[in-house]
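Below is work_19.cif, holding mmCIF, C-alpha atoms and all ligand atoms.
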```cif
data_final
loop_
_atom_site.label_atom_id
_atom_site.label_comp_id
_atom_site.auth_asym_id
_atom_site.auth_seq_id
_atom_site.Cartn_x
_atom_site.Cartn_y
_atom_site.Cartn_z
CA MET A 1 123.46 118.06 124.59
CA ASP A 2 121.16 116.03 122.42
CA PHE A 3 118.78 114.64 125.02
CA ARG A 4 116.40 113.36 122.33
CA LYS A 5 119.12 111.17 120.90
CA GLU A 6 119.93 109.81 124.35
CA LEU A 7 116.26 109.13 125.14
CA PHE A 8 115.61 107.29 121.88
CA SER A 9 118.76 105.22 122.36
CA GLY A 10 117.45 103.73 125.62
CA ARG A 11 117.72 99.95 125.91
CA ASP A 12 114.54 99.19 127.84
CA PRO A 13 111.64 100.82 125.96
CA TYR A 14 109.37 100.66 129.02
CA ASP A 15 111.67 101.97 131.76
CA THR A 16 109.70 105.20 132.11
CA GLU A 17 110.62 105.65 135.78
CA GLY A 18 114.35 105.31 135.10
CA THR A 19 114.17 107.82 132.25
CA ASP A 20 112.01 110.51 133.91
CA ALA A 21 114.87 112.98 134.38
CA LEU A 22 116.13 112.43 130.82
CA PHE A 23 112.59 112.79 129.45
CA ALA A 24 112.06 116.13 131.21
CA ALA A 25 115.41 117.36 129.85
CA ALA A 26 114.52 116.24 126.31
CA VAL A 27 111.11 117.98 126.45
CA ARG A 28 112.73 121.16 127.77
CA GLU A 29 115.27 121.05 124.93
CA ASN A 30 112.49 120.40 122.40
CA ALA A 31 110.18 123.17 123.67
CA ARG A 32 113.12 125.61 123.67
CA TYR A 33 113.86 124.71 120.07
CA HIS A 34 110.26 125.29 118.96
CA ALA A 35 110.00 128.53 120.93
CA ALA A 36 113.13 129.76 119.17
CA HIS A 37 112.08 128.70 115.65
CA CYS A 38 108.28 128.84 115.49
CA PRO A 39 106.79 132.32 116.14
CA GLU A 40 103.24 130.96 116.64
CA TYR A 41 104.41 128.44 119.22
CA ARG A 42 106.42 131.11 121.00
CA ALA A 43 103.32 133.32 121.08
CA ILE A 44 101.28 130.54 122.67
CA LEU A 45 103.91 129.88 125.36
CA GLU A 46 104.19 133.59 126.07
CA ASP A 47 100.44 133.95 126.32
CA PHE A 48 100.41 131.28 129.01
CA GLY A 49 103.41 132.94 130.64
CA PHE A 50 105.32 129.69 130.29
CA SER A 51 109.05 129.35 129.71
CA PRO A 52 110.55 125.98 128.65
CA ASP A 53 113.14 126.49 131.41
CA GLU A 54 110.35 125.73 133.90
CA LEU A 55 110.41 122.10 132.77
CA GLN A 56 112.63 120.58 135.42
CA THR A 57 110.95 117.25 136.18
CA THR A 58 108.12 115.22 134.66
CA ALA A 59 105.85 116.74 137.32
CA ASP A 60 106.12 120.01 135.33
CA LEU A 61 104.85 118.47 132.05
CA GLY A 62 101.23 119.33 132.82
CA ARG A 63 102.04 123.06 132.76
CA LEU A 64 103.54 122.96 129.27
CA PRO A 65 100.87 124.47 126.97
CA PHE A 66 99.45 121.85 124.62
CA LEU A 67 98.10 122.14 121.09
CA PRO A 68 94.75 120.42 120.47
CA THR A 69 94.79 118.11 117.43
CA ALA A 70 91.67 119.96 116.21
CA PHE A 71 93.78 123.15 116.17
CA LEU A 72 96.57 121.45 114.22
CA LYS A 73 94.02 120.45 111.56
CA THR A 74 93.42 124.12 110.75
CA HIS A 75 96.88 125.58 111.41
CA ARG A 76 100.20 124.65 109.84
CA LEU A 77 103.00 125.19 112.31
CA PHE A 78 106.62 124.53 111.40
CA SER A 79 109.91 125.15 113.18
CA MET A 80 112.18 124.69 110.15
CA PRO A 81 112.05 125.19 106.39
CA ARG A 82 110.29 122.48 104.37
CA ALA A 83 113.55 121.65 102.63
CA ARG A 84 114.79 120.17 105.91
CA MET A 85 111.81 117.82 106.27
CA PRO A 86 112.19 114.51 104.42
CA ILE A 87 108.51 113.77 105.17
CA VAL A 88 105.39 115.82 105.77
CA ALA A 89 102.67 113.49 107.06
CA SER A 90 99.03 114.42 107.22
CA SER A 91 96.37 112.96 109.47
CA SER A 92 93.62 111.08 107.68
CA GLY A 93 91.16 113.89 108.32
CA THR A 94 87.85 112.01 108.34
CA SER A 95 86.16 115.35 108.97
CA GLY A 96 87.65 116.77 105.78
CA LYS A 97 90.42 118.71 107.48
CA ALA A 98 93.84 117.20 108.06
CA SER A 99 96.86 118.32 110.01
CA GLU A 100 100.29 118.44 108.39
CA ILE A 101 103.15 117.29 110.55
CA GLY A 102 106.70 117.79 109.37
CA MET A 103 109.26 115.13 110.20
CA ASP A 104 112.89 116.20 110.46
CA PHE A 105 115.72 113.78 109.74
CA GLY A 106 116.51 113.35 113.46
CA SER A 107 112.91 112.39 114.21
CA LEU A 108 113.02 109.69 111.53
CA VAL A 109 116.23 108.27 112.97
CA SER A 110 114.64 108.35 116.43
CA GLY A 111 111.51 106.71 115.05
CA ALA A 112 113.47 103.87 113.46
CA LYS A 113 115.20 103.11 116.78
CA MET A 114 111.85 103.22 118.58
CA VAL A 115 110.18 100.84 116.14
CA ARG A 116 112.99 98.30 116.58
CA ARG A 117 112.84 98.39 120.37
CA VAL A 118 109.06 98.41 120.72
CA PHE A 119 108.40 95.67 118.18
CA ALA A 120 111.18 93.36 119.38
CA PRO A 121 109.19 91.69 122.20
CA ARG A 122 106.31 90.86 119.82
CA GLY A 123 108.51 89.23 117.18
CA ILE A 124 107.49 91.65 114.46
CA LEU A 125 110.92 92.34 112.97
CA SER A 126 111.76 89.21 111.11
CA ALA A 127 113.96 87.99 108.29
CA ARG A 128 111.33 85.41 107.35
CA PRO A 129 109.36 86.57 104.31
CA CYS A 130 105.59 86.83 104.50
CA HIS A 131 102.50 87.81 102.57
CA TYR A 132 100.87 91.10 103.50
CA VAL A 133 97.22 91.95 103.52
CA VAL A 134 96.83 95.65 104.19
CA PHE A 135 93.46 96.76 105.56
CA GLY A 136 94.23 100.26 104.45
CA TYR A 137 94.81 102.41 101.44
CA GLU A 138 96.58 101.28 98.30
CA PRO A 139 99.55 103.71 98.07
CA ARG A 140 99.31 106.63 95.71
CA ILE A 141 101.72 109.50 95.34
CA SER A 142 99.02 112.01 96.28
CA ASN A 143 97.91 110.17 99.41
CA ARG A 144 99.93 111.70 102.20
CA ALA A 145 97.79 110.34 105.02
CA ALA A 146 100.00 109.11 107.84
CA ALA A 147 97.83 106.02 108.20
CA ALA A 148 98.56 105.03 104.60
CA LYS A 149 102.28 105.61 105.05
CA THR A 150 102.39 103.75 108.34
CA ALA A 151 100.52 100.71 107.02
CA PHE A 152 102.73 100.57 103.94
CA GLY A 153 105.82 101.04 106.14
CA TYR A 154 104.81 98.02 108.20
CA THR A 155 105.14 95.86 105.10
CA PHE A 156 108.91 96.30 105.36
CA LEU A 157 109.26 94.85 108.88
CA ALA A 158 109.65 91.43 107.33
CA PRO A 159 110.42 90.82 103.63
CA ALA A 160 107.26 91.01 101.51
CA LEU A 161 106.31 88.18 99.15
CA SER A 162 103.10 89.94 98.15
CA ARG A 163 100.90 92.87 99.14
CA VAL A 164 97.14 93.04 98.80
CA PHE A 165 95.24 96.21 99.71
CA ALA A 166 91.67 96.26 101.03
CA LEU A 167 91.06 99.86 99.97
CA ARG A 168 91.73 100.21 96.27
CA TYR A 169 91.88 103.38 94.25
CA ARG A 170 89.29 103.20 91.49
CA GLU A 171 87.94 106.04 89.37
CA GLY A 172 89.06 108.81 91.64
CA LYS A 173 88.22 107.33 95.02
CA TYR A 174 89.07 104.57 97.47
CA VAL A 175 86.68 101.63 97.53
CA PRO A 176 86.87 98.60 99.82
CA ASP A 177 87.39 95.28 98.04
CA LEU A 178 87.02 92.67 100.78
CA ASP A 179 86.38 89.84 98.32
CA ALA A 180 89.86 90.32 96.86
CA VAL A 181 91.22 90.08 100.40
CA ILE A 182 89.32 86.86 101.10
CA ARG A 183 90.61 85.34 97.84
CA ALA A 184 94.14 86.29 98.91
CA PHE A 185 93.65 84.56 102.28
CA GLU A 186 92.50 81.41 100.45
CA ARG A 187 95.69 81.40 98.37
CA GLN A 188 97.88 82.18 101.36
CA GLU A 189 96.49 79.27 103.39
CA LYS A 190 98.41 76.97 101.02
CA SER A 191 101.66 78.97 101.19
CA PRO A 192 104.67 77.74 103.18
CA PHE A 193 105.09 81.32 104.42
CA PRO A 194 102.98 83.18 107.01
CA THR A 195 100.57 86.02 106.34
CA ARG A 196 100.43 89.33 108.13
CA THR A 197 97.43 91.59 108.07
CA ILE A 198 97.95 95.24 108.89
CA GLY A 199 95.61 98.17 109.23
CA PHE A 200 92.23 99.43 110.31
CA PRO A 201 90.48 97.16 112.84
CA ALA A 202 87.05 97.89 111.35
CA TYR A 203 87.93 96.54 107.89
CA THR A 204 89.76 93.58 109.44
CA VAL A 205 86.57 92.71 111.32
CA PHE A 206 84.35 93.32 108.26
CA ALA A 207 86.41 90.83 106.24
CA MET A 208 86.36 88.19 108.98
CA LYS A 209 82.61 88.63 109.50
CA ARG A 210 82.00 88.17 105.79
CA MET A 211 84.06 84.97 105.93
CA ARG A 212 81.98 83.73 108.86
CA GLU A 213 78.74 84.51 107.00
CA ARG A 214 79.96 82.47 104.05
CA GLY A 215 81.18 79.62 106.24
CA ILE A 216 84.82 80.11 105.16
CA ARG A 217 87.19 78.70 107.78
CA LEU A 218 90.88 78.95 106.91
CA ARG A 219 94.05 77.96 108.78
CA LEU A 220 96.75 80.46 107.85
CA PRO A 221 100.30 79.10 108.25
CA PRO A 222 101.91 79.19 111.74
CA GLY A 223 103.48 82.55 112.56
CA SER A 224 100.74 84.47 110.77
CA LYS A 225 99.86 87.71 112.54
CA ILE A 226 96.98 90.15 112.65
CA MET A 227 98.20 93.68 113.28
CA LEU A 228 95.63 96.33 114.07
CA GLY A 229 96.28 100.04 113.87
CA GLY A 230 94.84 103.32 112.72
CA GLY A 231 91.86 103.27 115.07
CA TRP A 232 88.21 102.76 114.38
CA LYS A 233 87.74 106.18 112.74
CA GLN A 234 84.17 106.60 111.53
CA PHE A 235 83.30 103.07 112.57
CA TRP A 236 83.01 103.55 116.32
CA ARG A 237 79.55 101.99 116.29
CA GLU A 238 81.00 98.90 114.63
CA ALA A 239 83.69 98.54 117.27
CA VAL A 240 83.43 94.98 118.43
CA ASP A 241 84.41 93.65 121.76
CA LYS A 242 88.08 92.64 121.61
CA ASN A 243 87.30 89.11 122.76
CA GLU A 244 84.83 88.78 119.90
CA LEU A 245 87.59 89.91 117.51
CA TYR A 246 89.96 87.25 118.90
CA ARG A 247 87.27 84.58 118.48
CA LEU A 248 86.61 85.68 114.90
CA ALA A 249 90.33 85.54 114.03
CA GLU A 250 90.72 82.05 115.45
CA GLU A 251 87.57 80.81 113.75
CA THR A 252 87.98 82.33 110.28
CA LEU A 253 91.77 82.59 109.83
CA GLY A 254 93.15 80.19 112.42
CA VAL A 255 95.23 82.96 113.99
CA PRO A 256 95.53 82.59 117.78
CA GLU A 257 95.08 85.50 120.18
CA ASP A 258 98.79 85.85 120.98
CA GLU A 259 99.49 86.58 117.30
CA ILE A 260 97.07 89.53 117.33
CA ILE A 261 98.92 92.79 117.88
CA GLU A 262 97.35 96.20 118.22
CA CYS A 263 99.09 99.54 117.78
CA TYR A 264 97.98 103.01 118.72
CA GLY A 265 99.37 106.26 117.38
CA ALA A 266 98.46 109.52 115.69
CA ALA A 267 99.90 111.67 112.92
CA GLU A 268 100.29 114.46 115.46
CA HIS A 269 102.13 112.12 117.84
CA PRO A 270 103.96 109.41 115.88
CA ILE A 271 104.99 107.39 118.91
CA LEU A 272 104.48 103.67 118.56
CA TYR A 273 102.21 102.21 121.23
CA CYS A 274 102.22 98.45 120.74
CA ASP A 275 100.13 96.26 122.98
CA CYS A 276 101.68 93.74 125.39
CA ALA A 277 100.85 90.04 125.48
CA ARG A 278 97.73 90.96 127.47
CA HIS A 279 96.73 93.59 124.91
CA HIS A 280 97.44 96.72 126.93
CA PHE A 281 99.20 99.85 125.65
CA HIS A 282 102.06 100.44 128.08
CA ILE A 283 103.65 103.89 127.84
CA PRO A 284 107.12 103.70 126.23
CA ILE A 285 110.05 105.84 127.38
CA TYR A 286 109.65 108.10 124.31
CA SER A 287 106.45 109.69 125.55
CA ARG A 288 104.41 110.51 128.62
CA VAL A 289 100.64 110.59 128.75
CA LEU A 290 98.50 112.89 130.85
CA ILE A 291 94.75 112.56 131.26
CA ARG A 292 92.89 115.87 131.49
CA ASP A 293 89.43 116.69 132.71
CA ALA A 294 87.31 117.24 129.57
CA ARG A 295 85.86 120.48 130.97
CA THR A 296 88.50 122.10 133.14
CA LEU A 297 91.50 120.56 131.27
CA GLU A 298 93.15 120.03 134.66
CA VAL A 299 95.50 117.04 134.84
CA LEU A 300 93.69 114.12 136.50
CA PRO A 301 95.24 111.50 138.77
CA ILE A 302 95.90 107.98 137.43
CA GLY A 303 92.72 105.93 137.15
CA ARG A 304 90.39 108.77 136.10
CA VAL A 305 88.76 109.15 132.65
CA GLY A 306 89.50 112.21 130.55
CA LEU A 307 91.03 113.61 127.38
CA VAL A 308 94.32 112.04 126.32
CA ASN A 309 97.27 114.48 126.27
CA LEU A 310 100.32 113.04 124.50
CA ILE A 311 103.80 114.42 125.09
CA THR A 312 107.02 113.63 123.23
CA PRO A 313 110.26 115.43 122.34
CA MET A 314 110.57 113.39 119.12
CA ILE A 315 109.89 116.07 116.50
CA ARG A 316 111.70 119.33 115.77
CA ALA A 317 110.03 120.20 112.45
CA THR A 318 106.58 120.82 113.96
CA PRO A 319 105.82 121.91 117.55
CA VAL A 320 103.85 118.84 118.58
CA THR A 321 105.68 118.49 121.90
CA SER A 322 102.37 118.31 123.74
CA VAL A 323 99.13 117.57 121.89
CA LEU A 324 95.63 117.16 123.23
CA THR A 325 93.67 114.53 121.30
CA ASP A 326 89.92 114.14 121.17
CA ASP A 327 90.29 110.59 122.47
CA LEU A 328 88.91 109.74 125.88
CA GLY A 329 91.18 107.51 127.87
CA ILE A 330 92.32 106.32 131.24
CA LEU A 331 95.76 105.48 132.63
CA HIS A 332 96.17 102.28 134.64
CA PRO A 333 99.08 101.43 136.93
CA ALA A 334 101.44 98.73 135.56
CA GLU A 335 100.30 96.25 138.24
CA GLU A 336 96.77 96.28 136.84
CA CYS A 337 98.12 94.45 133.80
CA GLY A 338 100.57 92.08 135.43
CA CYS A 339 102.41 91.12 132.23
CA GLY A 340 105.74 92.23 133.68
CA VAL A 341 106.11 95.48 131.74
CA LYS A 342 106.88 98.21 134.28
CA SER A 343 105.17 101.30 132.88
CA PRO A 344 101.52 102.40 133.24
CA TRP A 345 99.16 101.61 130.38
CA LEU A 346 96.70 103.68 128.42
CA GLU A 347 93.20 102.50 127.66
CA ILE A 348 91.37 104.35 124.89
CA LEU A 349 87.66 104.47 125.61
CA GLY A 350 86.39 106.33 122.56
CA ARG A 351 86.10 109.76 121.13
CA VAL A 352 84.42 112.72 122.76
CA GLY A 353 81.71 114.78 121.19
CA LEU A 354 83.97 117.33 119.54
CA ALA A 355 82.41 120.39 121.18
CA ASP A 356 84.83 120.62 124.12
CA VAL A 357 87.93 120.09 122.02
CA LYS A 358 86.73 122.56 119.41
CA THR A 359 86.33 125.11 122.16
CA CYS A 360 89.96 124.84 123.18
CA ALA A 361 91.08 124.75 119.53
CA ALA A 362 89.18 127.97 118.96
CA GLY A 363 90.82 129.39 122.07
CA ALA A 364 94.26 128.62 120.69
CA ALA A 365 93.30 130.09 117.29
CA GLU A 366 92.20 133.26 118.99
CA LEU A 367 95.58 133.55 120.64
CA LEU A 368 97.26 133.63 117.28
CA GLY A 369 94.84 136.14 115.84
CA GLU A 370 92.67 135.57 112.79
CA GLY A 371 94.21 133.52 110.05
CA ALA A 372 97.64 133.17 111.63
CA GLY A 373 99.53 130.08 110.62
CA THR A 374 96.94 128.87 108.11
ZN ZN B 401 100.93 94.42 129.96
#
```

Output the structure of this file as structure tokens.
Ligand SMILES: [Zn+2]
Amino acid sequence: MDFRKELFSGRDPYDTEGTDALFAAAVRENARYHAAHCPEYRAILEDFGFSPDELQTTADLGRLPFLPTAFLKTHRLFSMPRARMPIVASSSGTSGKASEIGMDFGSLVSGAKMVRRVFAPRGILSARPCHYVVFGYEPRISNRAAAAKTAFGYTFLAPALSRVFALRYREGKYVPDLDAVIRAFERQEKSPFPTRTIGFPAYTVFAMKRMRERGIRLRLPPGSKIMLGGGWKQFWREAVDKNELYRLAEETLGVPEDEIIECYGAAEHPILYCDCARHHFHIPIYSRVLIRDARTLEVLPIGRVGLVNLITPMIRATPVTSVLTDDLGILHPAEECGCGVKSPWLEILGRVGLADVKTCAAGAAELLGEGAGT
């Protein structure tokens, strides 16, 4: 049985309740695969005395041993030879270390189906051409950061008339060029086609703030969208209130709030979380999210704040079935949004001081013995 294929072929991307049994089966199948093909992963499961066969329902997901993202940044784990991975993505590694996540062909097919289903309600897949402003890295062969690939990938969701990058590669490093972006916006205001911006929220806000300072007020053509993704990274202190961001977009670019779309994801967990019309990240059928106590790592009930544990059976090349991020978050019941989407939603509150996560990463490293998997 290929439960992954069945899960990623689901029609309603937010019917988590209706897909619980299928999800548990797909995770069991995925964990079995990794245990059979990745010796380090098998060692971790054995150390916890856990067998994938114990995964019978989604209630068992919390017992599946997880890998902290901090651990994946120092250990390369693969469950198949590199030759069978069309893509190896790395996290952006703001701390200098990056994880490398292999993507097998089946995971790419699954990902393509997911992107279609998740983006459909927000009108992102379109045959109408547009101009792209990427608040991210100009592509280079050597830049394997998942964020760069993702942002560039987004410029294929509707045909591209032009692409402008906010982070340009000059003399060996990336430098922001917000003035070039503002000049592009000024040209695009006169175009018959809409503009889409894509990428880091911080740079998007920096550009709009600079426009406000200079008194530049544009009206981008109808249908223009602002797409935010990649997180705030090192700019947590700059994180503006979302309502302030919506006001800025309306004032400087003439883009209304319902055309502002935010996405959440991670190299170690390439599931697409796209916000709903009320800007909440509902959990799609392709993943489940657990919130864990930052100290005890126990699974917390819905409504409590803790570390975000992301689970998906999407990838066979790297054992990222269950990863513990260093993001702090909270799960809300669907009714607390009220937009009509049936699944609970995840609110990201920030990033923890890394000490706790490092502790569990070190714990996992110890399990593998010195230097294993690096
Ligand atoms: Zn909603």

For ligand ZN 401 (chain B), list the contacting residues at 7 Å or closer, counting all atoms listed in the file, as a ChimeraX atom specification. /A:276-280,282,337-341

Would you please work out which residue, of A:Met227, A:Leu349, A:Ala249, A:Ala184, is nearest to Phe206 in chain A when using all atoms listed in the file?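 Counting all atoms listed in the file, the residue closest to Phe206 in chain A is A:Ala249.
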
Skip Leu297 in chain A itself and residues of its chain fewer than 4 positions away, then list as a ChimeraX atom specification all residues within 9 Å of it, counting only C-alpha atoms. /A:291-293,306-307

With C-alpha atoms kept, could you save the residues just selected as a compact mmCIF listing (two decimals), in the coordinates of the input?
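As a result, again.txt now contains:
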```
# COMPACT_ATOMS: atom_id res chain seq x y z
CA ILE A 291 94.75 112.56 131.26
CA ARG A 292 92.89 115.87 131.49
CA ASP A 293 89.43 116.69 132.71
CA GLY A 306 89.50 112.21 130.55
CA LEU A 307 91.03 113.61 127.38
```

May I have the residues within 10 Å of range 155-157 of chain A as an mmCIF file with C-alpha atoms, in the frame of the given file, using all atoms listed in the file and disregarding those fewer than 3 positions away in the same chain?
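Generated output (around_20.cif):
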```cif
data_model
loop_
_atom_site.group_PDB
_atom_site.id
_atom_site.type_symbol
_atom_site.label_atom_id
_atom_site.label_comp_id
_atom_site.auth_asym_id
_atom_site.auth_seq_id
_atom_site.Cartn_x
_atom_site.Cartn_y
_atom_site.Cartn_z
ATOM 1 C CA VAL A 115 110.180 100.840 116.140
ATOM 2 C CA ARG A 116 112.990 98.300 116.580
ATOM 3 C CA PHE A 119 108.400 95.670 118.180
ATOM 4 C CA ILE A 124 107.490 91.650 114.460
ATOM 5 C CA LEU A 125 110.920 92.340 112.970
ATOM 6 C CA SER A 126 111.760 89.210 111.110
ATOM 7 C CA ALA A 127 113.960 87.990 108.290
ATOM 8 C CA ARG A 128 111.330 85.410 107.350
ATOM 9 C CA PRO A 129 109.360 86.570 104.310
ATOM 10 C CA CYS A 130 105.590 86.830 104.500
ATOM 11 C CA HIS A 131 102.500 87.810 102.570
ATOM 12 C CA TYR A 132 100.870 91.100 103.500
ATOM 13 C CA VAL A 133 97.220 91.950 103.520
ATOM 14 C CA VAL A 134 96.830 95.650 104.190
ATOM 15 C CA THR A 150 102.390 103.750 108.340
ATOM 16 C CA ALA A 151 100.520 100.710 107.020
ATOM 17 C CA PHE A 152 102.730 100.570 103.940
ATOM 18 C CA ALA A 160 107.260 91.010 101.510
ATOM 19 C CA LEU A 161 106.310 88.180 99.150
ATOM 20 C CA SER A 162 103.100 89.940 98.150
ATOM 21 C CA ARG A 163 100.900 92.870 99.140
ATOM 22 C CA ARG A 196 100.430 89.330 108.130
ATOM 23 C CA THR A 197 97.430 91.590 108.070
ATOM 24 C CA ILE A 198 97.950 95.240 108.890
#
```

Hey, can I get the axis-aligned box for range 163-169 of chain A? All listed atoms, 6 Å padding on each side, centre and edge lengths in Å to one decimal, as JSON.
```
{"center_x": 96.0, "center_y": 98.1, "center_z": 97.6, "size_x": 21.8, "size_y": 22.5, "size_z": 18.8}
```

May I ask which of the residues A:His269, A:Arg122, A:Lys342, A:His34 is the closest one to Ser322 in chain A, counting all atoms listed in the file?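 Closest candidate: A:His269.
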
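For the point (114.9, 111.0, 128.0) in file coordinates, the residues within 7 Å, using all atoms listed in the file, are Phe3, Arg4, Glu6, Leu7, Thr19, Asp20, Ala21, Leu22, Phe23, Ala24, Ala25 and Ala26 of chain A.
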
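Taking CA of Gly223 in chain A as the reference point, CA of Asp275 in chain A is found at 17.5 Å.
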
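Separating CA of Met85 in chain A from CA of Ile101 in chain A is a distance of 9.7 Å.
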
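Nearest residue to Leu290 in chain A among A:Val88, A:Val323, A:Ala317, A:Ala334 is A:Val323, counting only C-alpha atoms.
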
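Nearest-residue note for Ser79 in chain A: choosing from A:Gly62, A:Pro344, A:Pro319, A:Pro13, the minimum distance belongs to A:Pro319, counting only C-alpha atoms.
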
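Each of A:Leu331, A:Met211, A:Ile315, A:Met114 was compared to Asp12 in chain A using all atoms listed in the file, and A:Met114 turns out to be the nearest.
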
Would you please work out which residue, of A:Glu347, A:Glu29, A:Glu259, A:Glu335, is nearest to Gln56 in chain A when using all atoms listed in the file?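 Among A:Glu347, A:Glu29, A:Glu259, A:Glu335, it is A:Glu29 that comes nearest to Gln56 in chain A.
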
Kindly give the distance, in Å, that separates CA of Asp327 in chain A and CA of Ala98 in chain A, rounded to a single decimal. 16.2 Å

Contacts of Pro201 in chain A at 6 Å or less, counting only C-alpha atoms, minus same-chain residues fewer than 2 places along, as JSON, numbers by chain? {"A": [203, 204, 228]}

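Contact shell of Asp15 in chain A at 8 Å (only C-alpha atoms; same-chain neighbours under 5 positions omitted): Pro284, Ile285, Lys342 and Ser343 of chain A.
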